[in-house]
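Pasted below: model11.tsv, TSV, C-alpha atoms (C1' of nucleotides).
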chain	number	residue	atom	x	y	z
T	13	MET	CA	156.09	121.58	95.75
T	14	THR	CA	159.24	123.61	95.71
T	15	VAL	CA	158.62	126.23	98.29
T	16	GLY	CA	161.39	128.28	99.75
T	17	THR	CA	164.23	126.89	101.77
T	18	ALA	CA	162.44	124.90	104.44
T	19	SER	CA	164.82	124.41	107.33
T	20	ALA	CA	166.14	120.96	106.66
T	21	SER	CA	165.62	119.98	110.30
T	22	THR	CA	161.82	119.82	110.02
T	23	GLY	CA	160.15	116.85	108.45
T	24	GLY	CA	158.77	118.93	105.62
T	25	THR	CA	155.70	119.91	107.57
T	26	ARG	CA	156.22	123.51	106.66
T	27	THR	CA	156.18	122.60	102.99
T	28	ARG	CA	153.09	120.45	103.40
T	29	ILE	CA	151.29	123.34	105.04
T	30	GLN	CA	152.14	125.60	102.13
T	31	ALA	CA	150.97	123.02	99.62
T	32	VAL	CA	147.61	122.50	101.29
T	33	ALA	CA	147.11	126.20	101.90
T	34	LEU	CA	147.91	126.98	98.28
T	35	GLU	CA	145.37	124.50	97.08
T	36	LEU	CA	142.60	125.75	99.33
T	37	PHE	CA	143.40	129.42	98.76
T	38	THR	CA	143.18	128.88	95.02
T	39	GLU	CA	139.99	126.83	95.16
T	40	GLN	CA	137.89	128.88	97.53
T	41	GLY	CA	139.87	132.06	98.06
T	42	TYR	CA	142.24	133.25	100.74
T	43	GLU	CA	139.69	134.92	102.99
T	44	LYS	CA	137.22	132.09	102.83
T	45	THR	CA	139.83	129.54	103.83
T	46	SER	CA	140.36	129.33	107.59
T	47	LEU	CA	143.39	128.02	109.39
T	48	ARG	CA	141.13	125.46	111.01
T	49	GLU	CA	140.34	124.07	107.56
T	50	ILE	CA	144.01	123.86	106.60
T	51	ALA	CA	144.93	122.22	109.87
T	52	GLU	CA	142.14	119.69	109.64
T	53	ARG	CA	143.16	118.58	106.19
T	54	LEU	CA	146.70	118.09	107.45
T	55	GLY	CA	145.54	116.24	110.55
T	56	VAL	CA	147.02	118.76	112.96
T	57	THR	CA	145.67	121.63	115.02
T	58	LYS	CA	145.65	125.32	114.29
T	59	ALA	CA	148.29	125.97	116.90
T	60	ALA	CA	150.71	123.75	115.05
T	61	LEU	CA	150.49	126.04	112.06
T	62	TYR	CA	151.61	128.94	114.21
T	63	TYR	CA	154.78	127.13	115.02
T	64	HIS	CA	155.73	127.25	111.34
T	65	PHE	CA	154.21	130.58	110.32
T	66	LYS	CA	153.73	133.64	112.44
T	67	SER	CA	150.41	134.53	110.79
T	68	LYS	CA	148.05	133.59	108.00
T	69	ASP	CA	149.55	136.28	105.77
T	70	ASP	CA	152.95	134.78	106.40
T	71	ILE	CA	151.97	131.57	104.66
T	72	VAL	CA	151.29	133.55	101.52
T	73	ASN	CA	154.48	135.55	101.92
T	74	GLY	CA	156.55	132.41	101.77
T	75	LEU	CA	154.97	131.44	98.47
T	76	VAL	CA	155.30	134.89	96.97
T	77	MET	CA	158.82	135.74	98.05
T	78	ASP	CA	160.10	132.66	96.31
T	79	ARG	CA	158.64	133.83	93.01
T	80	ILE	CA	159.87	137.37	93.42
T	81	GLU	CA	163.46	136.21	93.61
T	82	ARG	CA	163.11	134.13	90.47
T	83	LEU	CA	161.25	136.94	88.75
T	84	ASP	CA	164.05	139.39	89.58
T	85	GLN	CA	166.55	137.06	87.97
T	86	LEU	CA	164.41	136.78	84.87
T	87	ILE	CA	164.00	140.56	84.70
T	88	ALA	CA	167.74	141.14	84.93
T	89	TRP	CA	168.30	138.66	82.13
T	90	ALA	CA	165.48	140.11	80.04
T	91	ARG	CA	167.01	143.59	80.12
T	92	GLU	CA	169.96	142.27	78.18
T	93	GLN	CA	167.94	140.68	75.43
T	94	PRO	CA	167.70	142.41	72.05
T	95	CYS	CA	164.64	144.59	71.57
T	96	ASP	CA	163.37	142.79	68.49
T	97	ALA	CA	160.62	140.26	68.01
T	98	ALA	CA	162.95	137.33	68.62
T	99	GLY	CA	164.18	138.84	71.89
T	100	ARG	CA	160.67	139.47	73.11
T	101	ARG	CA	159.63	135.97	72.23
T	102	ALA	CA	162.63	134.57	74.07
T	103	ILE	CA	161.61	136.51	77.17
T	104	LEU	CA	158.04	135.28	77.04
T	105	THR	CA	159.17	131.73	76.45
T	106	ARG	CA	161.44	131.72	79.45
T	107	TYR	CA	158.68	133.30	81.50
T	108	VAL	CA	156.30	130.50	80.58
T	109	ASP	CA	158.94	127.80	81.10
T	110	GLU	CA	159.90	129.03	84.53
T	111	PHE	CA	156.59	129.96	86.03
T	112	PHE	CA	154.12	127.63	84.42
T	113	ALA	CA	155.99	124.36	84.38
T	114	ASP	CA	155.50	121.65	87.01
T	115	GLU	CA	153.77	122.83	90.14
T	116	HIS	CA	154.91	126.39	89.64
T	117	HIS	CA	151.74	127.17	87.77
T	118	LEU	CA	149.75	126.50	90.95
T	119	VAL	CA	151.22	129.61	92.51
T	120	MET	CA	150.43	131.66	89.43
T	121	HIS	CA	146.88	130.40	89.48
T	122	PHE	CA	146.62	131.42	93.10
T	123	PHE	CA	147.75	134.94	92.17
T	124	GLU	CA	144.96	135.34	89.68
T	125	GLN	CA	142.29	133.99	91.93
T	126	ASN	CA	143.26	136.27	94.81
T	127	GLN	CA	144.00	139.63	93.30
T	128	THR	CA	142.33	141.67	96.01
T	129	VAL	CA	144.23	139.87	98.74
T	130	LEU	CA	147.56	140.50	97.07
T	131	LYS	CA	146.68	144.16	96.83
T	132	SER	CA	146.72	144.46	100.60
T	133	LEU	CA	149.77	142.28	101.12
T	134	ALA	CA	153.24	143.81	100.81
T	135	ALA	CA	154.43	140.73	98.97
T	136	GLY	CA	151.61	141.02	96.49
T	137	GLN	CA	152.41	144.63	95.70
T	138	GLN	CA	156.00	143.70	95.03
T	139	MET	CA	154.88	140.95	92.72
T	140	ARG	CA	152.67	143.30	90.78
T	141	GLN	CA	155.50	145.77	90.46
T	142	ARG	CA	157.72	143.10	88.93
T	143	MET	CA	155.06	142.20	86.43
T	144	LEU	CA	154.83	145.81	85.32
T	145	GLN	CA	158.61	145.95	84.98
T	146	LEU	CA	158.51	142.92	82.75
T	147	ALA	CA	155.77	144.49	80.64
T	148	ASP	CA	157.92	147.61	80.29
T	149	ILE	CA	160.83	145.57	79.04
T	150	LEU	CA	158.62	143.82	76.51
T	151	ALA	CA	157.27	147.16	75.33
T	152	GLY	CA	160.79	148.48	74.74
T	153	PRO	CA	162.17	151.93	75.49
T	154	ASP	CA	159.91	154.91	74.78
T	155	PRO	CA	157.03	152.73	73.64
T	156	ALA	CA	154.08	154.03	71.71
T	157	PRO	CA	150.94	153.56	73.79
T	158	ILE	CA	149.89	150.83	71.44
T	159	ALA	CA	153.13	148.92	71.97
T	160	ALA	CA	152.78	149.21	75.73
T	161	THR	CA	149.26	147.84	75.56
T	162	ARG	CA	150.30	144.99	73.34
T	163	ALA	CA	153.18	144.04	75.62
T	164	ALA	CA	150.96	143.96	78.67
T	165	LEU	CA	148.36	141.93	76.83
T	166	ALA	CA	150.93	139.40	75.72
T	167	LEU	CA	151.93	138.85	79.33
T	168	PHE	CA	148.35	138.62	80.41
T	169	ALA	CA	147.46	136.21	77.66
T	170	VAL	CA	149.71	133.67	79.29
T	171	HIS	CA	147.86	134.08	82.55
T	172	SER	CA	144.41	133.95	81.07
T	173	SER	CA	145.03	130.46	79.79
T	174	TRP	CA	143.09	128.96	82.67
T	175	PHE	CA	139.97	130.47	81.36
T	176	ALA	CA	140.73	129.01	77.95
T	177	VAL	CA	141.38	125.49	79.16
T	178	ARG	CA	138.27	123.39	78.82
T	179	ASN	CA	139.03	120.68	76.32
T	180	PRO	CA	140.34	117.78	78.39
T	181	HIS	CA	142.22	116.42	75.41
T	182	VAL	CA	144.47	119.44	75.30
T	183	ASP	CA	146.76	119.50	78.24
T	184	ARG	CA	147.47	122.65	80.11
T	185	THR	CA	151.10	123.29	79.35
T	186	GLU	CA	150.53	122.63	75.68
T	187	GLN	CA	147.79	125.20	75.65
T	188	ILE	CA	149.74	127.77	77.61
T	189	GLY	CA	152.66	127.46	75.27
T	190	ARG	CA	150.40	127.80	72.32
T	191	ALA	CA	148.69	130.82	73.77
T	192	SER	CA	151.89	132.70	74.46
T	193	CYS	CA	153.56	131.91	71.16
T	194	ARG	CA	150.58	132.89	69.09
T	195	GLU	CA	150.57	136.31	70.61
T	196	ARG	CA	152.25	138.92	68.45
T	197	VAL	CA	154.73	140.78	70.57
A	296	MET	CA	124.88	153.39	88.34
A	297	THR	CA	122.21	151.50	86.49
A	298	VAL	CA	121.44	148.65	88.78
A	299	GLY	CA	118.38	146.54	88.28
A	300	THR	CA	114.87	147.82	88.57
A	301	ALA	CA	114.87	149.54	91.93
A	302	SER	CA	111.31	149.80	93.12
A	303	ALA	CA	110.45	153.34	92.18
A	304	SER	CA	108.94	153.97	95.60
A	305	THR	CA	112.29	154.04	97.41
A	306	GLY	CA	114.47	157.08	97.27
A	307	GLY	CA	117.17	155.18	95.47
A	308	THR	CA	118.75	153.92	98.66
A	309	ARG	CA	118.90	150.45	97.28
A	310	THR	CA	120.86	151.72	94.31
A	311	ARG	CA	123.20	153.72	96.51
A	312	ILE	CA	123.92	150.63	98.57
A	313	GLN	CA	124.84	148.70	95.45
A	314	ALA	CA	127.09	151.49	94.22
A	315	VAL	CA	129.02	151.74	97.47
A	316	ALA	CA	129.22	147.98	97.87
A	317	LEU	CA	130.49	147.58	94.34
A	318	GLU	CA	133.23	150.11	94.94
A	319	LEU	CA	134.39	148.55	98.18
A	320	PHE	CA	134.11	144.99	96.90
A	321	THR	CA	136.27	145.89	93.93
A	322	GLU	CA	138.84	147.82	95.94
A	323	GLN	CA	139.41	145.49	98.85
A	324	GLY	CA	137.54	142.36	97.91
A	325	TYR	CA	134.14	140.95	98.79
A	326	GLU	CA	135.17	138.99	101.85
A	327	LYS	CA	137.24	141.75	103.33
A	328	THR	CA	134.42	144.26	103.05
A	329	SER	CA	132.00	144.10	105.95
A	330	LEU	CA	128.41	145.26	105.99
A	331	ARG	CA	129.36	147.60	108.79
A	332	GLU	CA	131.82	149.31	106.46
A	333	ILE	CA	129.25	149.71	103.72
A	334	ALA	CA	126.67	151.03	106.13
A	335	GLU	CA	129.09	153.51	107.69
A	336	ARG	CA	130.05	154.97	104.35
A	337	LEU	CA	126.38	155.46	103.56
A	338	GLY	CA	125.64	156.96	106.95
A	339	VAL	CA	123.18	154.26	107.91
A	340	THR	CA	123.29	151.15	110.09
A	341	LYS	CA	123.81	147.54	109.14
A	342	ALA	CA	120.19	146.76	109.87
A	343	ALA	CA	119.08	149.23	107.23
A	344	LEU	CA	120.92	147.21	104.60
A	345	TYR	CA	118.89	144.17	105.51
A	346	TYR	CA	115.72	145.98	104.65
A	347	HIS	CA	116.91	146.26	101.05
A	348	PHE	CA	118.83	143.00	100.71
A	349	LYS	CA	118.19	139.73	102.42
A	350	SER	CA	121.90	138.90	102.72
A	351	LYS	CA	125.36	140.04	101.74
A	352	ASP	CA	125.37	137.65	98.81
A	353	ASP	CA	122.11	139.16	97.67
A	354	ILE	CA	123.80	142.50	97.07
A	355	VAL	CA	126.09	140.83	94.59
A	356	ASN	CA	123.23	138.92	93.02
A	357	GLY	CA	121.47	142.11	92.09
A	358	LEU	CA	124.57	143.33	90.27
A	359	VAL	CA	125.17	140.06	88.48
A	360	MET	CA	121.63	139.22	87.42
A	361	ASP	CA	121.40	142.49	85.58
A	362	ARG	CA	124.43	141.59	83.48
A	363	ILE	CA	123.26	138.06	82.82
A	364	GLU	CA	120.10	139.32	81.17
A	365	ARG	CA	122.03	141.67	78.93
A	366	LEU	CA	124.58	138.98	78.19
A	367	ASP	CA	121.84	136.55	77.18
A	368	GLN	CA	120.53	139.09	74.70
A	369	LEU	CA	123.99	139.60	73.29
A	370	ILE	CA	124.53	135.85	72.99
A	371	ALA	CA	121.26	135.35	71.15
A	372	TRP	CA	122.23	138.11	68.73
A	373	ALA	CA	125.76	136.77	68.34
A	374	ARG	CA	124.51	133.35	67.26
A	375	GLU	CA	123.02	134.95	64.18
A	376	GLN	CA	126.15	136.73	63.10
A	377	PRO	CA	128.22	135.32	60.23
A	378	CYS	CA	131.10	133.10	61.25
A	379	ASP	CA	133.75	135.15	59.49
A	380	ALA	CA	136.29	137.62	60.83
A	381	ALA	CA	133.93	140.54	60.37
A	382	GLY	CA	131.20	138.77	62.30
A	383	ARG	CA	133.52	137.94	65.16
A	384	ARG	CA	134.76	141.47	65.29
A	385	ALA	CA	131.21	142.77	65.38
A	386	ILE	CA	130.46	140.52	68.34
A	387	LEU	CA	133.51	141.66	70.25
A	388	THR	CA	132.77	145.27	69.49
A	389	ARG	CA	129.25	145.06	70.82
A	390	TYR	CA	130.54	143.24	73.85
A	391	VAL	CA	132.94	146.04	74.62
A	392	ASP	CA	130.38	148.74	73.92
A	393	GLU	CA	127.77	147.23	76.15
A	394	PHE	CA	129.78	146.05	79.09
A	395	PHE	CA	132.66	148.46	79.30
A	396	ALA	CA	130.99	151.78	78.60
A	397	ASP	CA	129.92	154.20	81.32
A	398	GLU	CA	129.76	152.68	84.75
A	399	HIS	CA	129.20	149.22	83.38
A	400	HIS	CA	132.89	148.55	83.44
A	401	LEU	CA	132.85	148.85	87.24
A	402	VAL	CA	130.86	145.65	87.47
A	403	MET	CA	133.23	143.88	85.09
A	404	HIS	CA	136.16	145.03	87.14
A	405	PHE	CA	134.47	143.65	90.23
A	406	PHE	CA	134.09	140.29	88.50
A	407	GLU	CA	137.79	140.03	87.86
A	408	GLN	CA	138.83	141.08	91.30
A	409	ASN	CA	136.54	138.56	92.97
A	410	GLN	CA	136.79	135.38	91.00
A	411	THR	CA	136.82	133.04	93.96
A	412	VAL	CA	133.70	134.64	95.39
A	413	LEU	CA	131.80	134.26	92.16
A	414	LYS	CA	132.77	130.60	92.06
A	415	SER	CA	130.73	129.95	95.19
A	416	LEU	CA	127.81	132.17	94.21
A	417	ALA	CA	125.11	130.77	91.96
A	418	ALA	CA	124.98	134.04	90.07
A	419	GLY	CA	128.71	133.91	89.46
A	420	GLN	CA	128.55	130.42	88.03
A	421	GLN	CA	125.84	131.51	85.64
A	422	MET	CA	127.96	134.45	84.58
A	423	ARG	CA	130.91	132.21	83.88
A	424	GLN	CA	128.74	129.87	81.87
A	425	ARG	CA	127.61	132.75	79.66
A	426	MET	CA	131.20	133.80	79.08
A	427	LEU	CA	132.08	130.31	77.91
A	428	GLN	CA	129.07	130.31	75.60
A	429	LEU	CA	130.28	133.53	74.07
A	430	ALA	CA	133.75	132.07	73.62
A	431	ASP	CA	132.21	129.07	71.86
A	432	ILE	CA	130.36	131.30	69.46
A	433	LEU	CA	133.54	133.21	68.68
A	434	ALA	CA	135.39	129.96	68.09
A	435	GLY	CA	132.77	128.81	65.60
A	436	PRO	CA	131.27	125.33	65.14
A	437	ASP	CA	133.63	122.39	65.49
A	438	PRO	CA	136.63	124.56	66.27
A	439	ALA	CA	140.18	123.34	66.12
A	440	PRO	CA	141.74	123.53	69.60
A	441	ILE	CA	143.80	126.44	68.43
A	442	ALA	CA	140.74	128.37	67.33
A	443	ALA	CA	139.04	127.73	70.64
A	444	THR	CA	142.04	129.02	72.51
A	445	ARG	CA	142.29	132.09	70.36
A	446	ALA	CA	138.63	132.92	70.82
A	447	ALA	CA	138.85	132.65	74.57
A	448	LEU	CA	141.98	134.76	74.62
A	449	ALA	CA	140.34	137.46	72.56
A	450	LEU	CA	137.54	137.71	75.09
A	451	PHE	CA	139.98	137.71	77.93
A	452	ALA	CA	142.14	140.35	76.34
A	453	VAL	CA	139.31	142.79	76.75
A	454	HIS	CA	139.12	142.03	80.44
A	455	SER	CA	142.83	142.21	81.05
A	456	SER	CA	142.90	145.81	79.96
A	457	TRP	CA	142.96	147.01	83.56
A	458	PHE	CA	146.32	145.53	83.98
A	459	ALA	CA	147.48	147.32	80.87
A	460	VAL	CA	146.18	150.72	81.84
A	461	ARG	CA	148.93	152.75	83.39
A	462	ASN	CA	149.54	155.68	81.12
A	463	PRO	CA	147.25	158.41	82.44
A	464	HIS	CA	147.23	160.10	79.04
A	465	VAL	CA	145.46	157.17	77.46
A	466	ASP	CA	141.97	156.92	78.74
A	467	ARG	CA	140.46	153.63	79.63
A	468	THR	CA	137.80	153.19	77.01
A	469	GLU	CA	140.22	154.15	74.30
A	470	GLN	CA	142.60	151.50	75.48
A	471	ILE	CA	139.97	148.84	75.85
A	472	GLY	CA	138.73	149.46	72.35
A	473	ARG	CA	142.23	149.29	71.02
A	474	ALA	CA	142.99	146.11	72.90
A	475	SER	CA	139.97	144.27	71.59
A	476	CYS	CA	140.28	145.41	68.01
A	477	ARG	CA	143.93	144.58	67.75
A	478	GLU	CA	143.23	141.03	68.68
A	479	ARG	CA	143.07	138.66	65.74
A	480	VAL	CA	139.86	136.68	66.03
H	245	DG	C1'	156.70	120.02	117.27
H	246	DT	C1'	152.35	119.40	118.55
H	247	DC	C1'	148.80	119.65	121.83
H	248	DT	C1'	144.56	121.83	124.90
H	249	DA	C1'	142.40	125.79	126.22
H	250	DT	C1'	141.16	130.30	125.77
H	251	DA	C1'	141.37	135.04	124.78
H	252	DA	C1'	139.55	138.89	122.05
H	253	DG	C1'	137.18	140.49	118.50
H	254	DG	C1'	134.41	140.94	114.26
H	255	DA	C1'	131.32	138.86	111.21
H	256	DG	C1'	126.42	138.12	109.33
H	257	DA	C1'	121.93	138.18	110.67
H	258	DT	C1'	117.39	139.00	113.44
H	259	DA	C1'	113.74	141.21	116.69
H	260	DG	C1'	111.13	144.73	117.63
H	261	DA	C1'	110.58	149.85	118.66
H	262	DC	C1'	109.77	154.19	116.28
E	297	DG	C1'	112.81	152.85	106.20
E	298	DT	C1'	115.75	153.23	109.68
E	299	DC	C1'	117.03	152.63	114.32
E	300	DT	C1'	119.06	150.09	118.89
E	301	DA	C1'	120.18	146.03	120.84
E	302	DT	C1'	121.43	141.52	120.72
E	303	DC	C1'	122.31	136.67	119.23
E	304	DT	C1'	125.20	133.25	117.42
E	305	DC	C1'	128.97	131.77	115.24
E	306	DC	C1'	133.60	131.65	113.65
E	307	DT	C1'	137.81	133.84	113.07
E	308	DT	C1'	142.95	134.85	114.05
E	309	DA	C1'	146.12	134.50	117.48
E	310	DT	C1'	148.37	133.41	122.08
E	311	DA	C1'	149.80	130.87	126.55
E	312	DG	C1'	151.57	127.17	128.43
E	313	DA	C1'	151.62	121.91	129.17
E	314	DC	C1'	153.71	117.70	127.22

Could you write out this file's structure as C-alpha cells?
Amino acid sequence: MTVGTASASTGGTRTRIQAVALELFTEQGYEKTSLREIAERLGVTKAALYYHFKSKDDIVNGLVMDRIERLDQLIAWAREQPCDAAGRRAILTRYVDEFFADEHHLVMHFFEQNQTVLKSLAAGQQMRQRMLQLADILAGPDPAPIAATRAALALFAVHSSWFAVRNPHVDRTEQIGRASCRERV
Amino acid sequence: MTVGTASASTGGTRTRIQAVALELFTEQGYEKTSLREIAERLGVTKAALYYHFKSKDDIVNGLVMDRIERLDQLIAWAREQPCDAAGRRAILTRYVDEFFADEHHLVMHFFEQNQTVLKSLAAGQQMRQRMLQLADILAGPDPAPIAATRAALALFAVHSSWFAVRNPHVDRTEQIGRASCRERV
DNA sequence: GTCTATAAGGAGATAGAC
DNA sequence: GTCTATCTCCTTATAGAC
C-alpha cells in the first residue's frame, strides 16, 4: 500500500491500519465495519487505532486525500491536452494507468462500494467534484449534451470493470485497459 | 410507488413505509438510516414498522423481490431473442423501459448506492445473479472475452447514467435512453 | 505506542396495553 | 394498527496507566 506520508518514525502501523480498513470497508461496507473488527484483525485494541487516527472518518480521509492530490495533477495536465480523439484517449489512458495499477485500484473499488458514505464525507465530495471536472475536460468546451453524456460514460466504463470481471483467465488490469480503450470518446 | 402486493386491507401504510425507506436509503445509505428516522418522517413509531415488516432487512427484501420477478420474466424473454445487434438492442431497450421508467428507477438508484448492503442480503445476491445472467445473454453463446466485457459494460452504462446527469435541461429518461442506445452491443 | 476500563449514546427488536 | 416502555447489544470515542 502506498498511503500518504506516514511519519517515518512509526513502524508502519498507520499504513497497516489503512490497508486492513480499506479491505474491510470494501468487502462489507464502511458502516458495517467496526473499529473493533479492524483492531482485532491487526492484533491490537481499538484504542490503539485512536492514536493514529482521530476518528473512523479520518481513516477514510487519509486514503481519499492522497488520491485527490494525484487527481488534481492529472486534471491540470489534462487541460493542456488537445481536444481531439487522441488527446481524450491519452487522458483516459493516464487515468487508468495511475489509478488502477498496483494496489491503487483497491481505493477506487472502495469508492464505488461506498458511495453513500462518501456523500456525507467532505473528502468524498471533493473526490466527486474532481471526477466531474475530468468528465468536463473529456467532453470539451461547450459540449453538446450527447458529448457530455458520452464523456461521463467513458469515465464510468473504467470504473464499472469490476462488474465485468468474472472470467478468471482474464486478469483485471488487462480487462480494465480493454474496457477503457474500446470506449469511443 | 408500485411495491409488491400490499394486502388490500391496509390503508397503504406498508407501501408508504417502503417509499420513505427507499428515499432515505438511497440518499444517506441503508446503514446510516435508522428505523427511528423512517418512523419519524411517517409520523409513527418504530414499533409500528414492525407490524408491517419483521426486520429492517425485510423492508429491502420487499423492494428487491418485486424486481427479481420482473427481471426473471425479462430474462426468459431475452433468451428467445435473436443473437444479432438488433436483438441485443431490443433487450437493452426493454430493460431500460421496464426498470428505469416512472418510479422504478428509484429502486435501481438504491441498488447502486448500496452495493455493500446488497452483498450481505440474500435478495441482493439474487439480484446480482440475474444481472450477470442478462449480461451473459447479451454476450451471446461462447463469447470472446472482449464480447463478454462489452456486454457487461453496455448494461452498466445504463446504470451509470446518474453520474452523467448534471445538465438540468436534459431530463433523466431522455439521457438514459440516449446512453443505452449509443452503446455498441 | 499500546493497553484496560469506561463513558455515552443509538441501534434493532420485543411485550403487551389500547 | 399503533402506541409506550423496555431490553439487549454494539458502537464510537475518551481517560489515564504502563

Give me, as a tab-separated table, each residue of chain A that comes within 7 Å of chain T, together with its shortest interatomic pair and the distance in Å at one decimal, counting only C-alpha atoms, with rows ordered by chain and rising residue number.
residue	atom	partner	partner_atom	distance
A:Gln323	CA	T:Thr128	CA	5.6
A:Gly324	CA	T:Thr128	CA	5.2
A:Glu326	CA	T:Glu43	CA	6.2
A:Gln408	CA	T:Gln127	CA	5.7
A:Gln410	CA	T:Gln125	CA	5.7
A:Thr411	CA	T:Gly41	CA	5.2
A:Thr444	CA	T:Ala176	CA	5.6
A:Ala447	CA	T:Ala176	CA	5.3
A:Leu448	CA	T:Ala169	CA	6.4
A:Phe451	CA	T:Ser172	CA	6.6
A:Ala452	CA	T:Leu165	CA	6.4
A:Ser455	CA	T:Phe168	CA	6.6
A:Ala459	CA	T:Ala164	CA	5.3

Would you give me, as CSV, each residue of chain H having an atom within 12 Å of an atom of chain T, along with its shortest atom pair and that distance in Å to one decimal, using all atoms listed in the file and sorting by chain and residue number?
residue,atom,partner,partner_atom,distance
H:DG245,C1',T:Ala60,CA,7.4
H:DT246,C1',T:Ala60,CA,5.8
H:DC247,C1',T:Thr57,CA,7.8
H:DT248,C1',T:Ala59,CA,9.7
H:DA249,C1',T:Ala59,CA,11.0

I'd like a table as JSON lines: residues in chain E with an atom no more than 9 Å from chain A, each row giving the shortest atom pair and its distance in Å to one decimal, all atoms listed in the file counted, sorted by chain and rising residue number.
{"residue": "E:DG297", "atom": "C1'", "partner": "A:Ala343", "partner_atom": "CA", "distance": 7.3}
{"residue": "E:DT298", "atom": "C1'", "partner": "A:Ala343", "partner_atom": "CA", "distance": 5.8}
{"residue": "E:DC299", "atom": "C1'", "partner": "A:Thr340", "partner_atom": "CA", "distance": 7.7}

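The spacing separating CA of Gly136 (chain T) from CA of Val76 (chain T) amounts to 7.2 Å.
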
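Note that the spacing between CA of Arg91 (chain T) and CA of Phe112 (chain T) amounts to 21.0 Å.
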
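For the atom pair formed by CA of His399 (chain A) and CA of Asn356 (chain A), the distance is 15.3 Å, given to one decimal.
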
Checklist entry - Near DG254 (chain H), within 12 Å and counting all atoms listed in the file, which residues show up once chain neighbours fewer than 6 positions away are dropped, as a ChimeraX atom specification? => result /A:327-332 /E:305-308

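For the point (146.0, 125.0, 89.5), the residues with at least one atom inside 7 Å, counting all atoms listed in the file, are His117, Leu118 and His121 of chain T.
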
Checklist entry - Near DT250 (chain H), counting all atoms listed in the file, which residues have an atom at most 12 Å away, once you skip same-chain residues fewer than 2 positions from it, shown as JSON, numbers by chain? => result {"H": [248, 252], "E": [309, 310, 311, 312]}

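Comparing T:Met139, T:Val32, T:Ala151, T:Met77 by their smallest distance to Asp96 (chain T), the closest is T:Ala151 (using only C-alpha atoms).
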
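All protein, DNA and RNA residues at most 10 Å from (120.8, 138.3, 116.2) are H:DG256, H:DA257, H:DT258, H:DA259, E:DA301, E:DT302, E:DC303, E:DT304, using all atoms listed in the file.
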
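Distances here use only C-alpha atoms; by that measure, the residue among A:Asp353, A:Asp431, A:Glu375, A:Asp361 closest to Ala417 (chain A) is A:Asp353.
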